[in-house]
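J.: Here it is, the structure in full.
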Amino acid sequence: MTVVREAVKATLRAQTIETPSWGYGNSGTRFKVFAQPGVPRTPWEKLEDAAKVHEYTGVAPKVSLHIPWDEVEDYAALAAYAEDHGLRLGAINANTFQDDAYKLGSVCHPDAHVRRRAVDHLLACVDIMDATGSSDLKLWFADGTNYPGQDDVSARQERLAESLATVYARLGENQRILLEYKFFEPAFYTTDVPDWGTAYAHCLKLGPKAQVVVDTGHHAPGTNIEFIVALLLREGRLGGFDFNSRFYADDDLMAGAADPFQLFRIMYEVIRGGGLAAETGIAFMLDQCHNIEAKVPAVIRSVMNVQEATAKALLVDHDALASAQRTGDVLAANAVLMDAYATDVRPLLREVREEAGLNADPVAAYAASGWSEKTAAERVGGEQAGWGA
């Protein structure tokens, strides 16, 4: 048991969770964005907040950028600033959904000039990757249609394939496309990348440097996300996660907040398929908007929730599970999973943090640091970062 415990602790120490720059900015519903004191005004200040998350959790050394929300004149300088704060710049997220030209789509738009505009933006994001040392270009497209007959569904898929191929050809040796899917919203009749199968098909056609991103909030109610994870992992096409929680649609709540059991099941399949191994390159990212809760502690809590789900999944007795599965003992097999899930892993994680020289309670440590009060006093004036909507 001691050997198993030490192996679990070693895996938890090696885990990394990427946080989103936009998670530190103002956000809200379709009706209202709620501002908070001390919210970053620049990408530089976002990195300062992200550094606090990493300081108190020890497992959040990477930060995703969103362009143009995180646009700066000198991206190499921004990468250096991140390094000075103990961070690295992670995925570059493209934005092809907040321009008036994209009302009828971006890379799938019927007008070639609009498609070229969108592709040029994606190519500019690859340039940013070159400057920052980022390896991942994360693509989510709001493209779709609202009414039957609005556009040719098949032709839109062809436009998408052509656009992706242009961007794929521009990738460097150690760069890749992470293609995200979403089954609806903002398009309500058809969505051009609505599911894992569509994303997977496009990635297969593009080549080995294209993989699928699973956003846990981008599925219809009742979808078995862990099955999708297992299949993509088996096929070598699982590129990463956007962790968040949802009750109804793409709610972007804190990871593990709505259905922690689902997060546990997902992480079990990741571990079962060897997905925690560094060579798989799977990016474990958060994609959340903290509308009514304080930003930094919410990100810290989300990181901790992913850690807890991972720890529980690591405690599954694989030998006992395999034995029950071979003999068709349904109840015993289910009990093995439930025993691991029912384990209180918080003492184990406190031990991992203390052994790493960290405070056992990251949320309490952050609250005692005075960072929230400091930023509220100093970040006065200017324009707070947000969605740019």
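Naming works like this for the structure tokens: A, B, ... for the chains as they're shown, residue 1 at the start of each chain, ligands 1 onward in shown order.
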Taking 3 positions as the minimum chain separation for residues in the same chain, which residues sit within 8 Å of Arg346 in chain A when counting only C-alpha atoms? Answer as a list in words.
T.: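 In the requested format, the answer is Glu308, Leu349 and Arg350 of chain A.
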J.: Might you pull out every residue within 8 Å of Val193 in chain A, with only C-alpha atoms counted and same-chain residues fewer than 5 positions away left off, and present them as a list in words?
T.: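 Selected residues are Phe141, Asp143, Glu180, Tyr181, Lys182, Phe183, Thr198 and Ala199 of chain A.
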J.: Do a neighbour search on Asp111 in chain A at 12 Å with only C-alpha atoms, toss out local chain neighbours closer than 3 positions, and write the hits as a list in words.
T.: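 Selected residues are Ala101, Tyr102, Lys103, Leu104, Gly105, Ser106, Val107, Cys108, Val114, Arg115, Arg116, Arg117, Ala118, Asp151, Ala155, Arg156 and Arg159 of chain A.
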J.: Can you work out the spacing between CA of Arg237 in chain A and CA of Ser163 in chain A in Å, to one decimal?
T.: 20.0 Å
J.: With only C-alpha atoms as the basis for distance, which of A:Gly197, A:Gly370, A:Pro68, A:Gly240 is at the shortest distance from Ala124 in chain A?
T.: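 Checking each of A:Gly197, A:Gly370, A:Pro68, A:Gly240 against Ala124 in chain A, counting only C-alpha atoms, the winner is A:Pro68.
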J.: Considering only C-alpha atoms, return as a ChimeraX atom specification whatever protein or nucleic-acid residues lie within 8 Å of Asp287 in chain A, sequence-local ones (same chain, fewer than 3 positions apart) excluded.
T.: /A:19-20,23,215,242-244,252
